[in-house]
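Enquirer: What follows is entry31.cif, made up of mmCIF, C-alpha atoms and all ligand atoms:
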data_target
#
loop_
_atom_site.label_atom_id
_atom_site.label_comp_id
_atom_site.auth_asym_id
_atom_site.auth_seq_id
_atom_site.Cartn_x
_atom_site.Cartn_y
_atom_site.Cartn_z
CA MET G 746 0.00 0.00 0.00
CA ALA G 747 1.18 3.57 -0.66
CA LEU G 748 2.99 5.16 2.29
CA LEU G 749 0.51 8.04 2.61
CA ALA G 750 -2.68 6.31 1.42
CA GLY G 751 -5.75 7.92 2.99
CA LYS G 752 -3.78 10.96 4.22
CA VAL G 753 -4.68 14.58 3.47
CA ALA G 754 -1.86 17.12 3.07
CA ILE G 755 -1.56 20.84 2.53
CA VAL G 756 1.55 22.35 0.95
CA THR G 757 1.94 26.13 0.97
CA GLY G 758 3.76 27.91 -1.86
CA ALA G 759 3.37 24.72 -3.89
CA GLY G 760 2.93 26.33 -7.30
CA ARG G 761 6.63 26.11 -8.11
CA GLY G 762 10.07 25.29 -6.77
CA LEU G 763 10.42 23.07 -3.71
CA GLY G 764 6.73 23.24 -2.78
CA ARG G 765 5.67 21.92 -6.19
CA CYS G 766 8.07 18.98 -5.80
CA HIS G 767 6.77 18.27 -2.29
CA ALA G 768 3.13 18.33 -3.48
CA LEU G 769 3.88 15.98 -6.39
CA ALA G 770 5.84 13.61 -4.12
CA LEU G 771 3.17 13.53 -1.39
CA ALA G 772 0.52 12.83 -4.04
CA ALA G 773 2.66 10.13 -5.65
CA HIS G 774 2.79 8.41 -2.23
CA GLY G 775 -1.00 8.45 -1.97
CA ALA G 776 -1.89 11.68 -0.16
CA ALA G 777 -4.67 13.99 -1.33
CA VAL G 778 -3.13 17.47 -1.54
CA VAL G 779 -4.30 21.05 -1.17
CA VAL G 780 -1.88 22.96 -3.41
CA ASN G 781 -1.58 26.50 -2.09
CA ASP G 782 0.05 29.36 -3.97
CA LEU G 783 -0.65 32.98 -4.70
CA GLY G 784 -1.62 32.60 -8.33
CA GLY G 785 -1.83 36.04 -9.88
CA SER G 786 -2.37 37.98 -6.67
CA VAL G 787 0.23 40.22 -5.09
CA VAL G 788 1.56 40.35 -1.51
CA GLY G 789 2.16 43.66 0.22
CA GLY G 790 0.83 45.78 -2.63
CA ALA G 791 3.84 45.43 -4.95
CA PRO G 792 4.90 42.69 -7.37
CA GLU G 793 7.94 40.80 -6.09
CA LYS G 794 10.79 39.57 -8.26
CA ASN G 795 10.62 36.26 -6.43
CA GLY G 796 7.00 36.41 -5.33
CA PRO G 797 3.93 35.73 -7.43
CA ASP G 798 4.28 35.94 -11.19
CA LYS G 799 3.38 39.31 -12.62
CA ASN G 800 1.65 37.64 -15.57
CA GLY G 801 -0.94 36.17 -13.24
CA GLU G 802 0.03 32.55 -13.84
CA ASP G 803 -2.21 30.30 -11.75
CA ALA G 804 0.70 28.18 -10.54
CA ALA G 805 -1.38 26.20 -8.03
CA ALA G 806 -3.84 25.12 -10.73
CA VAL G 807 -0.99 23.92 -12.97
CA VAL G 808 0.34 21.66 -10.17
CA VAL G 809 -3.16 20.40 -9.37
CA ALA G 810 -3.56 19.43 -13.03
CA GLU G 811 -0.20 17.59 -12.93
CA ILE G 812 -1.27 15.60 -9.87
CA ILE G 813 -4.67 14.71 -11.32
CA ALA G 814 -3.07 13.71 -14.64
CA SER G 815 -0.89 11.26 -12.67
CA GLY G 816 -3.95 9.70 -11.04
CA GLY G 817 -3.75 11.64 -7.76
CA ARG G 818 -6.18 13.89 -5.90
CA ALA G 819 -5.59 17.63 -5.44
CA VAL G 820 -7.33 21.00 -5.20
CA ALA G 821 -5.93 24.51 -5.49
CA ASN G 822 -5.99 27.22 -2.83
CA ARG G 823 -4.83 30.71 -3.79
CA ALA G 824 -4.72 32.43 -0.37
CA SER G 825 -1.69 34.23 1.02
CA VAL G 826 -0.32 32.46 4.09
CA ALA G 827 0.54 35.95 5.38
CA ASP G 828 -3.18 36.59 5.81
CA TRP G 829 -4.58 35.01 9.01
CA ALA G 830 -7.97 34.22 7.42
CA GLY G 831 -6.27 33.14 4.20
CA ALA G 832 -4.17 30.64 6.15
CA LYS G 833 -7.36 29.26 7.72
CA SER G 834 -8.91 28.83 4.27
CA ILE G 835 -6.15 26.35 3.36
CA ILE G 836 -7.09 24.11 6.29
CA ASP G 837 -10.81 24.61 5.57
CA ASP G 838 -10.27 23.57 1.94
CA ALA G 839 -8.57 20.34 3.07
CA VAL G 840 -11.56 19.47 5.24
CA ALA G 841 -14.10 20.50 2.57
CA ALA G 842 -12.41 18.68 -0.31
CA PHE G 843 -10.97 15.61 1.42
CA GLY G 844 -12.67 15.34 4.84
CA GLY G 845 -9.73 16.10 7.13
CA LEU G 846 -6.11 17.04 7.53
CA ASP G 847 -3.07 14.94 8.47
CA ILE G 848 0.01 16.63 6.99
CA VAL G 849 1.00 20.30 6.93
CA VAL G 850 3.97 21.40 4.82
CA ASN G 851 4.78 25.07 5.40
CA ASN G 852 6.96 25.98 2.42
CA ALA G 853 5.77 29.35 1.06
CA GLY G 854 8.59 31.85 1.01
CA ILE G 855 10.12 34.96 -0.42
CA ASN G 856 13.57 36.52 -0.17
CA ARG G 857 14.54 40.20 -0.33
CA PRO G 858 18.23 40.30 0.60
CA ALA G 859 19.29 43.51 2.35
CA SER G 860 21.84 44.43 4.97
CA LEU G 861 20.86 45.97 8.31
CA ILE G 862 22.13 49.26 6.86
CA THR G 863 20.11 49.20 3.61
CA LEU G 864 17.01 47.39 4.92
CA THR G 865 13.57 48.98 4.48
CA GLU G 866 10.47 48.55 6.63
CA ALA G 867 8.73 46.95 3.63
CA ASP G 868 11.51 44.31 3.37
CA TYR G 869 11.15 43.50 7.05
CA ASP G 870 7.34 43.38 6.98
CA LEU G 871 7.21 41.11 3.93
CA GLU G 872 9.85 38.65 5.16
CA THR G 873 8.30 38.27 8.58
CA ALA G 874 4.71 38.22 7.24
CA VAL G 875 5.25 35.43 4.71
CA HIS G 876 7.72 33.29 6.67
CA LEU G 877 7.06 33.75 10.36
CA LYS G 878 3.44 34.91 10.48
CA GLY G 879 2.49 32.62 7.59
CA THR G 880 4.04 29.51 9.15
CA THR G 881 2.61 30.38 12.56
CA ALA G 882 -0.87 31.06 11.15
CA VAL G 883 -1.04 27.76 9.25
CA CYS G 884 0.28 25.83 12.28
CA HIS G 885 -2.28 27.58 14.49
CA HIS G 886 -5.28 26.80 12.30
CA ALA G 887 -4.18 23.18 11.82
CA ALA G 888 -3.57 22.80 15.58
CA ALA G 889 -6.99 24.30 16.39
CA LEU G 890 -8.67 21.80 14.02
CA TRP G 891 -6.73 18.89 15.48
CA ALA G 892 -7.54 19.98 19.05
CA ARG G 893 -11.28 20.00 18.16
CA GLN G 894 -10.97 16.50 16.66
CA GLY G 895 -8.91 15.04 19.52
CA ARG G 896 -5.83 12.79 19.33
CA ARG G 897 -5.20 10.87 16.11
CA GLU G 898 -1.99 9.09 15.19
CA GLY G 899 0.13 10.01 12.20
CA ARG G 900 -0.26 13.78 12.04
CA ALA G 901 2.76 15.77 10.85
CA ILE G 902 3.99 19.33 10.45
CA ILE G 903 7.00 19.98 8.22
CA ASN G 904 8.17 23.58 8.33
CA THR G 905 10.76 25.15 6.05
CA THR G 906 13.66 26.92 7.65
CA SER G 907 16.95 27.58 5.84
CA PRO G 908 20.67 26.90 6.15
CA VAL G 909 20.87 30.63 7.00
CA GLY G 910 18.20 30.23 9.68
CA VAL G 911 20.57 27.98 11.61
CA HIS G 912 23.85 29.50 10.31
CA PRO G 913 22.95 33.17 9.74
CA MET G 914 24.85 35.09 7.04
CA PRO G 915 25.28 38.82 6.30
CA ASP G 916 22.76 40.68 4.11
CA GLY G 917 19.70 38.67 5.09
CA GLY G 918 18.76 39.83 8.58
CA PRO G 919 14.95 39.54 8.46
CA TYR G 920 15.10 36.36 6.32
CA CYS G 921 17.62 34.71 8.68
CA ALA G 922 15.68 35.86 11.74
CA ALA G 923 12.34 34.66 10.36
CA LYS G 924 13.85 31.30 9.41
CA ALA G 925 15.43 30.97 12.89
CA GLY G 926 12.00 31.80 14.31
CA ILE G 927 10.52 28.99 12.22
CA ALA G 928 13.06 26.55 13.71
CA ALA G 929 12.03 27.69 17.21
CA LEU G 930 8.33 27.49 16.32
CA THR G 931 8.88 23.91 15.14
CA VAL G 932 10.22 22.91 18.56
CA VAL G 933 7.22 24.59 20.21
CA ALA G 934 4.83 22.75 17.87
CA ALA G 935 6.52 19.42 18.63
CA GLN G 936 6.12 20.03 22.37
CA GLU G 937 2.59 21.44 22.36
CA LEU G 938 1.04 19.08 19.84
CA ALA G 939 2.63 15.73 20.74
CA SER G 940 -0.46 14.75 22.74
CA LEU G 941 -2.56 15.25 19.58
CA GLY G 942 -0.39 12.73 17.70
CA VAL G 943 1.59 15.40 15.81
CA ARG G 944 5.29 15.16 14.93
CA ALA G 945 6.73 18.55 13.96
CA ASN G 946 10.08 18.93 12.20
CA ALA G 947 11.76 21.48 9.96
CA VAL G 948 13.70 21.16 6.74
CA ALA G 949 16.56 23.49 5.73
CA PRO G 950 16.78 22.88 1.97
CA ALA G 951 19.32 23.86 -0.65
CA ALA G 952 18.06 23.70 -4.23
CA ARG G 953 18.29 25.70 -7.44
CA THR G 954 14.88 27.41 -7.63
CA ARG G 955 13.54 30.75 -8.79
CA MET G 956 14.31 32.20 -5.37
CA VAL G 957 17.94 31.17 -5.58
CA MET G 958 18.29 32.36 -9.17
CA ALA G 959 17.35 35.82 -7.84
CA SER G 960 20.35 35.68 -5.46
CA PRO G 961 23.51 35.48 -7.63
CA SER G 962 25.83 34.66 -4.71
CA VAL G 963 23.79 31.60 -3.84
CA ASP G 964 23.49 30.59 -7.48
CA GLN G 965 27.31 30.38 -7.63
CA LEU G 966 27.13 27.76 -4.88
CA MET G 967 24.70 25.66 -6.92
CA PRO G 968 26.35 25.29 -10.33
CA ARG G 969 24.79 23.14 -13.02
CA ALA G 970 27.01 20.09 -13.43
CA ALA G 971 27.00 17.21 -15.90
CA GLY G 972 25.51 13.97 -14.60
CA PHE G 973 23.60 13.90 -11.31
CA ASP G 974 22.38 17.44 -10.55
CA ARG G 975 22.50 17.68 -6.76
CA HIS G 976 20.68 21.02 -6.78
CA LEU G 977 17.36 19.96 -8.27
CA PRO G 978 14.52 20.72 -5.82
CA ASP G 979 13.07 17.22 -6.36
CA HIS G 980 15.86 15.76 -4.19
CA VAL G 981 14.51 17.44 -1.03
CA SER G 982 11.03 15.90 -1.30
CA PRO G 983 11.86 12.33 -0.15
CA LEU G 984 12.83 13.79 3.24
CA VAL G 985 9.52 15.67 3.40
CA VAL G 986 7.59 12.49 2.52
CA TYR G 987 9.57 10.58 5.17
CA LEU G 988 8.82 13.20 7.84
CA ALA G 989 5.12 13.06 6.87
CA SER G 990 4.99 9.27 6.99
CA PRO G 991 4.61 6.62 9.69
CA LEU G 992 8.30 5.79 9.10
CA ASN G 993 9.40 9.03 10.79
CA ARG G 994 10.97 8.58 14.25
CA PHE G 995 11.77 12.26 14.91
CA THR G 996 10.02 15.32 16.29
CA GLY G 997 11.23 18.84 17.12
CA ARG G 998 14.32 18.50 14.93
CA VAL G 999 15.83 20.39 12.00
CA PHE G 1000 17.15 18.54 8.95
CA GLY G 1001 19.36 19.89 6.19
CA ALA G 1002 18.76 18.53 2.68
CA GLU G 1003 20.71 19.01 -0.52
CA GLY G 1004 20.85 16.47 -3.33
CA PRO G 1005 21.59 13.07 -1.80
CA ASP G 1006 22.80 14.58 1.52
CA VAL G 1007 20.52 14.75 4.58
CA ALA G 1008 21.90 16.40 7.73
CA LEU G 1009 20.44 16.31 11.24
CA TYR G 1010 21.23 19.46 13.23
CA GLN G 1011 22.13 19.54 16.90
CA PRO G 1012 19.96 22.11 18.71
CA TRP G 1013 21.39 25.10 20.58
CA SER G 1014 23.25 23.72 23.57
CA ALA G 1015 24.53 25.47 26.76
CA ASP G 1016 27.94 23.81 26.64
CA TRP G 1017 29.70 26.17 29.04
CA LEU G 1018 28.57 27.36 32.46
CA VAL G 1019 30.15 29.73 34.98
CA SER G 1020 28.44 29.92 38.37
CA GLY G 1021 28.93 32.55 41.08
CA ASP G 1022 27.89 32.69 44.74
CA GLY G 1023 25.07 35.15 44.03
CA GLN G 1024 24.78 38.16 41.69
CA TRP G 1025 28.05 38.55 39.79
CA PRO G 1026 30.15 41.71 40.22
CA VAL G 1027 30.72 42.67 36.55
CA GLU G 1028 34.53 42.56 36.81
CA ALA G 1029 34.40 39.08 38.39
CA LEU G 1030 32.01 37.94 35.64
CA ALA G 1031 34.44 39.27 33.01
CA GLU G 1032 37.24 37.32 34.67
CA ALA G 1033 35.20 34.10 34.76
CA LEU G 1034 34.13 34.51 31.11
CA ALA G 1035 37.74 35.17 30.05
CA ALA G 1036 38.39 31.45 30.54
CA LEU G 1037 35.77 30.51 27.93
CA PRO G 1038 36.60 30.19 24.21
CA GLU G 1039 35.83 33.22 22.04
CA GLN G 1040 34.77 30.99 19.13
CA ALA G 1041 32.58 27.89 19.01
CA PRO G 1042 33.39 25.10 16.55
CA ILE G 1043 30.35 24.06 14.48
CA ARG G 1044 29.60 21.90 11.46
CA ALA G 1045 27.71 24.10 9.02
CA PHE G 1046 25.61 22.61 6.23
CA TYR G 1047 25.53 25.17 3.45
CA PRO G 1048 24.92 24.70 -0.27
CA GLY G 1049 27.84 22.53 -1.35
CA GLY G 1050 27.83 20.28 1.72
CA ARG G 1051 29.12 20.15 5.28
CA ILE G 1052 31.99 22.34 6.41
CA ASP G 1053 33.77 22.66 9.76
CA THR G 1054 33.79 26.31 10.80
CA LEU G 1055 33.73 28.65 13.79
CA ILE G 1056 31.10 30.99 15.29
CA PRO G 1057 31.79 33.85 15.08
CA PRO G 1058 33.81 33.28 11.91
CA ASN G 1059 37.39 34.55 11.72
CA ARG G 1060 36.30 37.29 9.27
CA THR G 1061 33.92 38.72 11.89
CA LEU G 1062 36.69 38.96 14.51
CA LYS G 1063 39.01 40.40 11.86
CA GLY G 1064 36.35 43.02 11.05
CA LEU G 1065 36.17 44.02 14.74
CA ARG G 1066 39.92 44.38 14.99
CA GLY G 1067 40.03 46.55 11.86
N1 LIG G 1101 15.88 27.10 -2.74
C1 LIG G 1101 16.69 27.07 -1.69
O1 LIG G 1101 17.90 26.76 -1.78
C2 LIG G 1101 16.15 27.40 -0.34
C3 LIG G 1101 17.07 27.50 0.72
C4 LIG G 1101 16.58 27.76 1.98
C5 LIG G 1101 15.22 27.89 2.20
N2 LIG G 1101 14.36 27.82 1.14
C6 LIG G 1101 12.93 27.97 1.43
O2 LIG G 1101 12.21 27.01 0.69
C7 LIG G 1101 10.88 27.50 0.46
C8 LIG G 1101 10.53 27.35 -1.01
O3 LIG G 1101 11.35 28.25 -1.76
P1 LIG G 1101 11.79 27.97 -3.26
O4 LIG G 1101 13.26 28.00 -3.27
O5 LIG G 1101 11.06 26.80 -3.82
O6 LIG G 1101 11.30 29.34 -3.95
P2 LIG G 1101 10.21 29.63 -5.10
O7 LIG G 1101 10.22 31.09 -5.27
O8 LIG G 1101 10.46 28.77 -6.29
O9 LIG G 1101 8.84 29.14 -4.44
C9 LIG G 1101 8.22 29.83 -3.37
C10 LIG G 1101 6.72 29.80 -3.60
O10 LIG G 1101 6.07 30.43 -2.48
C11 LIG G 1101 4.99 31.21 -3.01
N3 LIG G 1101 4.61 32.25 -2.07
C12 LIG G 1101 5.29 33.42 -1.79
N4 LIG G 1101 4.59 34.13 -0.90
C13 LIG G 1101 3.47 33.43 -0.61
C14 LIG G 1101 2.36 33.65 0.24
N5 LIG G 1101 2.27 34.77 0.98
N6 LIG G 1101 1.37 32.71 0.30
C15 LIG G 1101 1.45 31.59 -0.44
N7 LIG G 1101 2.47 31.32 -1.27
C16 LIG G 1101 3.47 32.23 -1.36
C17 LIG G 1101 5.54 31.79 -4.30
O11 LIG G 1101 4.51 32.24 -5.16
C18 LIG G 1101 6.31 30.59 -4.86
O12 LIG G 1101 5.53 29.77 -5.70
C19 LIG G 1101 10.89 28.94 0.97
O13 LIG G 1101 10.35 28.99 2.28
C20 LIG G 1101 12.35 29.31 1.01
O14 LIG G 1101 12.64 30.33 1.92
C21 LIG G 1101 14.79 27.59 -0.12
#
Let me see whether you can do it: turn the structure in this file into structure tokens.
Expert:
Amino acid sequence: MALLAGKVAIVTGAGRGLGRCHALALAAHGAAVVVNDLGGSVVGGAPEKNGPDKNGEDAAAVVVAEIIASGGRAVANRASVADWAGAKSIIDDAVAAFGGLDIVVNNAGINRPASLITLTEADYDLETAVHLKGTTAVCHHAAALWARQGRREGRAIINTTSPVGVHPMPDGGPYCAAKAGIAALTVVAAQELASLGVRANAVAPAARTRMVMASPSVDQLMPRAAGFDRHLPDHVSPLVVYLASPLNRFTGRVFGAEGPDVALYQPWSADWLVSGDGQWPVEALAEALAALPEQAPIRAFYPGGRIDTLIPPNRTLKGLRG
């Protein structure tokens, strides 16, 4: 029997890129899918270079047609996840079309790179609205439905963070912060919803999509090579199907995924502790902290694979020292 037979899934931002691949993969494994994307509408009042298509392409409908042509079941939803009521309509459509909801894939996203110096309020509002508010809103409405229904086994939330949500980089403050927030929200969801039979995990993907093509520096890290193309978005979807399936053993964790590589992140960890006899005098605290290392060794998982590095990186300390 198919791994996800009888399951109902929603995938946000599923009209193209990673979300489209996830929707097709979930459907191929037997799930009925609500394919959410913006279609021809516009977020925040202005067309985005990596947001909805300006020509009004109904991307969700195209993916629905692909799934149905392959013998699957799917309906389109064209709400913005950044709209609280719109997010609810995605859950409502799952119930109306397929009688329930088992799997939530929060994937919708947008990227407007800007440094803290050049950032605008509009950049900040859009990044946080689509990523953090959108993911929270969809999780909330799904959780509220599941709480009304009571415990059922096999429910899953798969959120989409980013390599830069766990290893933040310059020139993407609100994006990195929103993606870090999504990783934190995932841990909260795992804790709060376990008793409803929900496993919640996050995926930090690396794939050559429209979003990446709009960021030349990232595109350089994902070159097109002859033979196996490790940067196709399709390669991330088996992990999403696994996390949605009864095979999944994990909850509250973040996975990296690029081509054939799947990484499991260690969470933040308080590795060092200095303890005083009461409130620290500041000078004594400085003396105690002087014994601790200035840099922490980590294993980053960026496009291109795993690298051993340090936080803060040497270039940051060099920048401070001028
Ligand atoms: N491609 C990568 O390497 C990479 C790396 C890290 C994280 N991500 C994340 O993966 C997710 C998918 O991105 P992608 O690379 O496939 O980009 P993409 O631009 O190809 O797809 C994103 C989709 O989200 C949709 N969307 C945007 N705002 C929306 C909204 N308010 N409501 C509903 N849908 C909306 C867009 O219309 C688009 O179809 C995003 O969350 C992105 O941040 C991607």
Enquirer: Out of G:Lys878, G:Gly845, G:His767, G:Lys752, which residue has the shortest atom-to-atom distance to His980 (chain G) when counting all atoms listed in the file?
Expert: G:His767
Enquirer: Within 7 Å of ligand LIG 1101 (chain G), counting all atoms listed in the file, which protein or nucleic acid residues do you find, written as a ChimeraX atom specification?
Expert: /G:757-764,781-784,788,795-797,824-827,852-856,875-876,879,905-908,949-957
Enquirer: Go ahead and write the residues just picked, C-alpha atoms, as a compact mmCIF listing (two decimals), in the frame of the given file.
Expert:
# COMPACT_ATOMS: atom_id res chain seq x y z
CA THR G 757 1.94 26.13 0.97
CA GLY G 758 3.76 27.91 -1.86
CA ALA G 759 3.37 24.72 -3.89
CA GLY G 760 2.93 26.33 -7.30
CA ARG G 761 6.63 26.11 -8.11
CA GLY G 762 10.07 25.29 -6.77
CA LEU G 763 10.42 23.07 -3.71
CA GLY G 764 6.73 23.24 -2.78
CA ASN G 781 -1.58 26.50 -2.09
CA ASP G 782 0.05 29.36 -3.97
CA LEU G 783 -0.65 32.98 -4.70
CA GLY G 784 -1.62 32.60 -8.33
CA VAL G 788 1.56 40.35 -1.51
CA ASN G 795 10.62 36.26 -6.43
CA GLY G 796 7.00 36.41 -5.33
CA PRO G 797 3.93 35.73 -7.43
CA ALA G 824 -4.72 32.43 -0.37
CA SER G 825 -1.69 34.23 1.02
CA VAL G 826 -0.32 32.46 4.09
CA ALA G 827 0.54 35.95 5.38
CA ASN G 852 6.96 25.98 2.42
CA ALA G 853 5.77 29.35 1.06
CA GLY G 854 8.59 31.85 1.01
CA ILE G 855 10.12 34.96 -0.42
CA ASN G 856 13.57 36.52 -0.17
CA VAL G 875 5.25 35.43 4.71
CA HIS G 876 7.72 33.29 6.67
CA GLY G 879 2.49 32.62 7.59
CA THR G 905 10.76 25.15 6.05
CA THR G 906 13.66 26.92 7.65
CA SER G 907 16.95 27.58 5.84
CA PRO G 908 20.67 26.90 6.15
CA ALA G 949 16.56 23.49 5.73
CA PRO G 950 16.78 22.88 1.97
CA ALA G 951 19.32 23.86 -0.65
CA ALA G 952 18.06 23.70 -4.23
CA ARG G 953 18.29 25.70 -7.44
CA THR G 954 14.88 27.41 -7.63
CA ARG G 955 13.54 30.75 -8.79
CA MET G 956 14.31 32.20 -5.37
CA VAL G 957 17.94 31.17 -5.58
Enquirer: Do a neighbour search on region 1000-1014 of chain G at 12 Å with all atoms listed in the file, toss out local chain neighbours closer than 2 positions, and write the hits as an MDAnalysis selection string.
Expert: chainID G and resid 763 903:912 925 928:929 931:932 945:953 966:967 973:985 987:988 995:998 1016:1018 1041 1043:1052
Enquirer: For Asp847 (chain G), which residue among G:Leu748, G:Ala754, G:Ile927, G:Val779 is the nearest when counting all atoms listed in the file?
Expert: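 Ranking G:Leu748, G:Ala754, G:Ile927, G:Val779 by distance to Asp847 (chain G), first place goes to G:Ala754.
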Enquirer: Identify which of the residues G:Ile836, G:Val756, G:Ile902, G:Ala770 lies closest to His886 (chain G), counting only C-alpha atoms when measuring atom-to-atom distances.
Expert: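 Using only C-alpha atoms, the shortest distance to His886 (chain G) belongs to G:Ile836.
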Enquirer: Mind checking which residues fall within 10 Å of Ala842 (chain G), counting only C-alpha atoms, ignoring those fewer than 3 positions away in the same chain, and posting them as a list in words?
Expert: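 Neighbouring residues, sequence-local ones excluded: Val753, Ala777, Val778, Val779, Arg818, Ala819, Val820, Asp837, Asp838, Ala839 and Gly845 of chain G.
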Enquirer: Complete region 991-1013 of chain G with N, CA and C atoms (output as a PDB file, keeping the file's coordinate frame).
Expert:
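Okay, this is what ended up in out.pdb:
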ATOM      1  N   PRO G 991       4.482   7.408   8.449  1.00  0.00           N
ATOM      2  CA  PRO G 991       4.610   6.620   9.690  1.00  0.00           C
ATOM      3  C   PRO G 991       6.034   6.109   9.923  1.00  0.00           C
ATOM      4  N   LEU G 992       6.906   6.217   8.929  1.00  0.00           N
ATOM      5  CA  LEU G 992       8.300   5.790   9.100  1.00  0.00           C
ATOM      6  C   LEU G 992       9.105   6.755   9.971  1.00  0.00           C
ATOM      7  N   ASN G 993       8.628   7.990  10.090  1.00  0.00           N
ATOM      8  CA  ASN G 993       9.400   9.030  10.790  1.00  0.00           C
ATOM      9  C   ASN G 993       9.504   8.755  12.286  1.00  0.00           C
ATOM     10  N   ARG G 994      10.739   8.798  12.816  1.00  0.00           N
ATOM     11  CA  ARG G 994      10.970   8.580  14.250  1.00  0.00           C
ATOM     12  C   ARG G 994      11.192   9.884  15.008  1.00  0.00           C
ATOM     13  N   PHE G 995      11.282  11.019  14.293  1.00  0.00           N
ATOM     14  CA  PHE G 995      11.770  12.260  14.910  1.00  0.00           C
ATOM     15  C   PHE G 995      10.648  13.265  15.161  1.00  0.00           C
ATOM     16  N   THR G 996      10.869  14.125  16.152  1.00  0.00           N
ATOM     17  CA  THR G 996      10.020  15.320  16.290  1.00  0.00           C
ATOM     18  C   THR G 996      10.853  16.423  16.927  1.00  0.00           C
ATOM     19  N   GLY G 997      10.538  17.679  16.559  1.00  0.00           N
ATOM     20  CA  GLY G 997      11.230  18.840  17.120  1.00  0.00           C
ATOM     21  C   GLY G 997      12.655  18.994  16.616  1.00  0.00           C
ATOM     22  N   ARG G 998      12.957  18.458  15.446  1.00  0.00           N
ATOM     23  CA  ARG G 998      14.320  18.500  14.930  1.00  0.00           C
ATOM     24  C   ARG G 998      14.384  19.265  13.602  1.00  0.00           C
ATOM     25  N   VAL G 999      15.589  19.693  13.268  1.00  0.00           N
ATOM     26  CA  VAL G 999      15.830  20.390  12.000  1.00  0.00           C
ATOM     27  C   VAL G 999      16.764  19.548  11.146  1.00  0.00           C
ATOM     28  N   PHE G1000      16.374  19.325   9.904  1.00  0.00           N
ATOM     29  CA  PHE G1000      17.150  18.540   8.950  1.00  0.00           C
ATOM     30  C   PHE G1000      17.644  19.442   7.819  1.00  0.00           C
ATOM     31  N   GLY G1001      18.872  19.261   7.410  1.00  0.00           N
ATOM     32  CA  GLY G1001      19.360  19.890   6.190  1.00  0.00           C
ATOM     33  C   GLY G1001      19.178  18.903   5.036  1.00  0.00           C
ATOM     34  N   ALA G1002      18.942  19.419   3.830  1.00  0.00           N
ATOM     35  CA  ALA G1002      18.760  18.530   2.680  1.00  0.00           C
ATOM     36  C   ALA G1002      19.274  19.203   1.420  1.00  0.00           C
ATOM     37  N   GLU G1003      20.184  18.528   0.756  1.00  0.00           N
ATOM     38  CA  GLU G1003      20.710  19.010  -0.520  1.00  0.00           C
ATOM     39  C   GLU G1003      21.134  17.794  -1.342  1.00  0.00           C
ATOM     40  N   GLY G1004      20.513  17.625  -2.501  1.00  0.00           N
ATOM     41  CA  GLY G1004      20.850  16.470  -3.330  1.00  0.00           C
ATOM     42  C   GLY G1004      20.696  15.192  -2.539  1.00  0.00           C
ATOM     43  N   PRO G1005      21.713  14.328  -2.533  1.00  0.00           N
ATOM     44  CA  PRO G1005      21.590  13.070  -1.800  1.00  0.00           C
ATOM     45  C   PRO G1005      21.972  13.197  -0.321  1.00  0.00           C
ATOM     46  N   ASP G1006      22.344  14.402   0.141  1.00  0.00           N
ATOM     47  CA  ASP G1006      22.800  14.580   1.520  1.00  0.00           C
ATOM     48  C   ASP G1006      21.661  15.036   2.428  1.00  0.00           C
ATOM     49  N   VAL G1007      21.484  14.351   3.549  1.00  0.00           N
ATOM     50  CA  VAL G1007      20.520  14.750   4.580  1.00  0.00           C
ATOM     51  C   VAL G1007      21.295  14.932   5.875  1.00  0.00           C
ATOM     52  N   ALA G1008      21.194  16.117   6.475  1.00  0.00           N
ATOM     53  CA  ALA G1008      21.900  16.400   7.730  1.00  0.00           C
ATOM     54  C   ALA G1008      20.893  16.534   8.860  1.00  0.00           C
ATOM     55  N   LEU G1009      21.277  16.126  10.045  1.00  0.00           N
ATOM     56  CA  LEU G1009      20.440  16.310  11.240  1.00  0.00           C
ATOM     57  C   LEU G1009      21.183  17.276  12.158  1.00  0.00           C
ATOM     58  N   TYR G1010      20.569  18.430  12.421  1.00  0.00           N
ATOM     59  CA  TYR G1010      21.230  19.460  13.230  1.00  0.00           C
ATOM     60  C   TYR G1010      21.133  19.137  14.712  1.00  0.00           C
ATOM     61  N   GLN G1011      22.189  19.497  15.444  1.00  0.00           N
ATOM     62  CA  GLN G1011      22.130  19.540  16.900  1.00  0.00           C
ATOM     63  C   GLN G1011      21.451  20.851  17.289  1.00  0.00           C
ATOM     64  N   PRO G1012      20.566  20.840  18.274  1.00  0.00           N
ATOM     65  CA  PRO G1012      19.960  22.110  18.710  1.00  0.00           C
ATOM     66  C   PRO G1012      20.978  22.973  19.456  1.00  0.00           C
ATOM     67  N   TRP G1013      20.586  24.245  19.711  1.00  0.00           N
ATOM     68  CA  TRP G1013      21.390  25.100  20.580  1.00  0.00           C
ATOM     69  C   TRP G1013      21.678  24.343  21.862  1.00  0.00           C
TER      70      TRP G1013
END
